[in-house]
Amino acid sequence: MSAPESEPATRPSHPSPMEDEGALKLLRDGRLEVAGRLVEATNMTLYCSITLGERTAACVYKPVRGERPLWDFPDGTLAAREVAAFEVSQATGWQIVPPTVLREGPFGPGMCQLWIDTEREVDLMRLVRSRNPVVRRMAVFDAVVNNADRKGGHLLPLPTGHVYGVDHGVCFSAEDKLRTVLWQWRGKPLARDAVATLTKLERDIESGQLGRRLRELLTLAEVEATWTRIRRLLETGLHPYPSRDWPAIPWPPM
């Protein structure tokens with residue numbers, strides 16, 4: 001195992017658009033009203049408002065009935081994978097995925113995720129190629145969840161400096177399918193905070209609440225493969241290299 005790199009001098013900042021617990025309650029219990037459709041999305045993706053009492057926010061609702069069948073993700077639903085990615089994000093403490101729940105909506109059960117207003121002045125291409133420590137954490141997260149579609153447009157930078165990631169419907173395959181634009185750390189030693197976080201994740205999946213929650217959302221083989229990927233990262237101490245058996249970069253990349 002390679003020696004881990006020291007933590008960056010400036011710690012990655014965390015967002016504060018809405019506290020997670022308050023956002024989750026709003027997403028679970030609020031009244032969902034469809035305002036429009038994001039037509040560029042592959043699967044049905046609806047822009048909605050959600051209201052609970054005097055609190056209102058924007059969100060994205062992806063009903064299961066609007067999912068396009070995928071030959072390489074035949075088990076479960078993309079909506080459940082989106083929620084599983086949020087659960088892993090919460091367990092890391094890195095707040096990579098915006099608050100996300102499964103709930104009933106106007107078109108049946110689906111994923112509901114808090115809408116994030118981004119910092120429009122950020123150059124996404126430059127961010128994707130950067131050594132930003134927040135983006136580096138996302139690269140580790142993607143290796144854990146086996147993200148098969150990390151495009152540049154899936155990064156949502158905030159004015160605070162935090163960066164959210166979205167669109168995690170094609171994660172958690174039991175086969176290695178990591179496909180991302182974030183390869184700048186390939187083969188580099190993991191940062192110390194990443195090693196500590198991965199160690200905690202390994203325990204949480206093996207015998208903790210995270211493992212129980214993932215087994216509700218994914219197949220047993222997918223949960224076991226997630227644990228194995230974490231174990232591999234800890235054993236090597238390195239960011240992974242691209243696979244020789246799978247395209248390394250999604251198309252289009254942005």
# chains A, B, ... in the order shown; residues from 1 in each chain; ligands from 1
>>> closest_atom_pairs(of="range 53-158 of chain A", to="range 201-219 of chain A", cutoff="9 Å", atoms="only C-alpha atoms", output="tab-separated table")
residue	atom	partner	partner_atom	distance
A:Asp75	CA	A:Thr219	CA	7.3
A:Gly76	CA	A:Leu218	CA	6.6
A:Thr77	CA	A:Leu217	CA	8.6
A:Ala80	CA	A:Leu217	CA	5.4
A:Arg81	CA	A:Leu217	CA	6.9
A:Val83	CA	A:Leu217	CA	7.8
A:Ala84	CA	A:Leu214	CA	6.0
A:Glu87	CA	A:Leu210	CA	7.0
A:Val88	CA	A:Leu210	CA	7.2
A:Ala91	CA	A:Leu201	CA	6.9
A:Thr92	CA	A:Leu201	CA	6.9
>>> closest_atom_pairs(of="range 12-53 of chain A", to="range 96-106 of chain A", cutoff="8 Å", atoms="only C-alpha atoms", output="JSON lines")
{"residue": "A:Asp20", "atom": "CA", "partner": "A:Pro99", "partner_atom": "CA", "distance": 6.2}
{"residue": "A:Ala23", "atom": "CA", "partner": "A:Pro99", "partner_atom": "CA", "distance": 6.4}
{"residue": "A:Leu24", "atom": "CA", "partner": "A:Pro99", "partner_atom": "CA", "distance": 6.1}
{"residue": "A:Leu27", "atom": "CA", "partner": "A:Val101", "partner_atom": "CA", "distance": 6.7}
{"residue": "A:Arg28", "atom": "CA", "partner": "A:Arg103", "partner_atom": "CA", "distance": 6.3}
{"residue": "A:Leu32", "atom": "CA", "partner": "A:Gly105", "partner_atom": "CA", "distance": 6.7}
{"residue": "A:Glu33", "atom": "CA", "partner": "A:Pro106", "partner_atom": "CA", "distance": 7.8}
{"residue": "A:Val34", "atom": "CA", "partner": "A:Pro106", "partner_atom": "CA", "distance": 7.9}
>>> write_last_selection(atoms="N, CA and C atoms", output="short mmCIF file (atom, residue, chain, number, x, y, z; two decimals), in the first residue's frame")
data_model
loop_
_atom_site.label_atom_id
_atom_site.label_comp_id
_atom_site.auth_asym_id
_atom_site.auth_seq_id
_atom_site.Cartn_x
_atom_site.Cartn_y
_atom_site.Cartn_z
N ASP A 20 -29.41 19.26 5.65
CA ASP A 20 -29.84 18.00 5.06
C ASP A 20 -31.15 17.48 5.64
N ALA A 23 -34.05 19.46 4.44
CA ALA A 23 -34.27 19.21 3.02
C ALA A 23 -34.92 17.84 2.80
N LEU A 24 -34.47 16.84 3.54
CA LEU A 24 -35.02 15.50 3.37
C LEU A 24 -36.48 15.44 3.80
N LEU A 27 -38.45 17.05 1.03
CA LEU A 27 -38.54 16.19 -0.15
C LEU A 27 -39.47 15.00 0.08
N ARG A 28 -39.47 14.45 1.28
CA ARG A 28 -40.30 13.28 1.57
C ARG A 28 -41.78 13.64 1.71
N LEU A 32 -45.66 18.00 -4.20
CA LEU A 32 -44.82 18.06 -5.40
C LEU A 32 -45.66 18.54 -6.58
N GLU A 33 -45.21 19.60 -7.24
CA GLU A 33 -45.92 20.13 -8.40
C GLU A 33 -44.95 20.26 -9.57
N VAL A 34 -45.29 19.65 -10.70
CA VAL A 34 -44.43 19.67 -11.87
C VAL A 34 -44.51 21.04 -12.55
#
>>> atom_distance(atom1="CA of Thr118 in chain A", atom2="CA of Ala57 in chain A")
14.8 Å
>>> closest_residue(among="A:Val122, A:Val145, A:Val140, A:Ala194", to="Thr228 in chain A", atoms="only C-alpha atoms")
A:Val145
>>> closest_residue(among="A:Asp117, A:Tyr241, A:Val223, A:Trp185", to="Tyr164 in chain A", atoms="only C-alpha atoms")
A:Asp117
>>> select_by_dssp(residues="range 11-184 of chain A", states="strand (DSSP E or B)", output="number ranges by chain")
A: 31-37, 46-52, 55-63, 100-105, 108-114, 150, 155-157, 163-165, 180
>>> residues_around(residues="Thr180 in chain A", least_positions_apart="4", cutoff="10 Å", atoms="only C-alpha atoms", output="number ranges by chain")
A: 139, 142-143, 146-152, 242, 247-251, 253
>>> closest_residue(among="A:Phe73, A:Phe107, A:Trp115, A:Phe172", to="Ala85 in chain A", atoms="only C-alpha atoms")
A:Phe172
>>> closest_residue(among="A:Arg186, A:Asp193, A:Met44, A:Arg179", to="Pro252 in chain A", atoms="only C-alpha atoms")
A:Arg179
>>> atom_distance(atom1="CA of Trp71 in chain A", atom2="CA of Pro109 in chain A")
21.7 Å
>>> atom_distance(atom1="CA of Lys188 in chain A", atom2="CA of Ser130 in chain A")
14.6 Å
>>> closest_residue(among="A:Gly30, A:Gly53, A:Pro74, A:Gly22", to="Glu222 in chain A", atoms="only C-alpha atoms")
A:Pro74
>>> closest_residue(among="A:Lys200, A:Arg229, A:Arg137, A:Lys177", to="Val163 in chain A", atoms="only C-alpha atoms")
A:Arg137
>>> select_by_dssp(residues="range 106-208 of chain A", states="alpha helix (DSSP H)", output="ChimeraX atom specification")
/A:124-129,133-145,192-207
>>> write_last_selection(atoms="C-alpha atoms", output="compact mmCIF listing (two decimals), in the first residue's frame")
# COMPACT_ATOMS: atom_id res chain seq x y z
CA LEU A 124 -16.53 23.74 -15.94
CA MET A 125 -13.78 22.57 -18.27
CA ARG A 126 -11.16 24.18 -16.05
CA LEU A 127 -12.82 22.73 -12.94
CA VAL A 128 -12.84 19.24 -14.44
CA ARG A 129 -9.10 19.48 -15.16
CA PRO A 133 -9.57 18.91 -3.37
CA VAL A 134 -13.38 18.85 -3.49
CA VAL A 135 -13.28 17.41 -7.00
CA ARG A 136 -10.64 14.93 -5.85
CA ARG A 137 -13.04 13.66 -3.20
CA MET A 138 -15.62 13.23 -5.93
CA ALA A 139 -13.14 11.09 -7.89
CA VAL A 140 -12.80 8.81 -4.85
CA PHE A 141 -16.56 8.71 -4.40
CA ASP A 142 -17.02 7.74 -8.06
CA ALA A 143 -14.53 4.91 -7.65
CA VAL A 144 -16.54 3.61 -4.68
CA VAL A 145 -19.95 3.76 -6.37
CA ARG A 192 -5.18 10.83 4.25
CA ASP A 193 -8.75 11.99 4.78
CA ALA A 194 -9.88 9.71 1.94
CA VAL A 195 -8.19 6.71 3.55
CA ALA A 196 -9.92 7.46 6.87
CA THR A 197 -13.27 7.87 5.13
CA LEU A 198 -12.88 4.66 3.13
CA THR A 199 -12.00 2.75 6.29
CA LYS A 200 -15.22 3.96 7.91
CA LEU A 201 -17.23 3.14 4.77
CA GLU A 202 -15.87 -0.39 4.73
CA ARG A 203 -17.11 -0.96 8.29
CA ASP A 204 -20.44 0.74 7.65
CA ILE A 205 -21.18 -1.46 4.63
CA GLU A 206 -20.00 -4.65 6.27
CA SER A 207 -21.93 -4.36 9.52
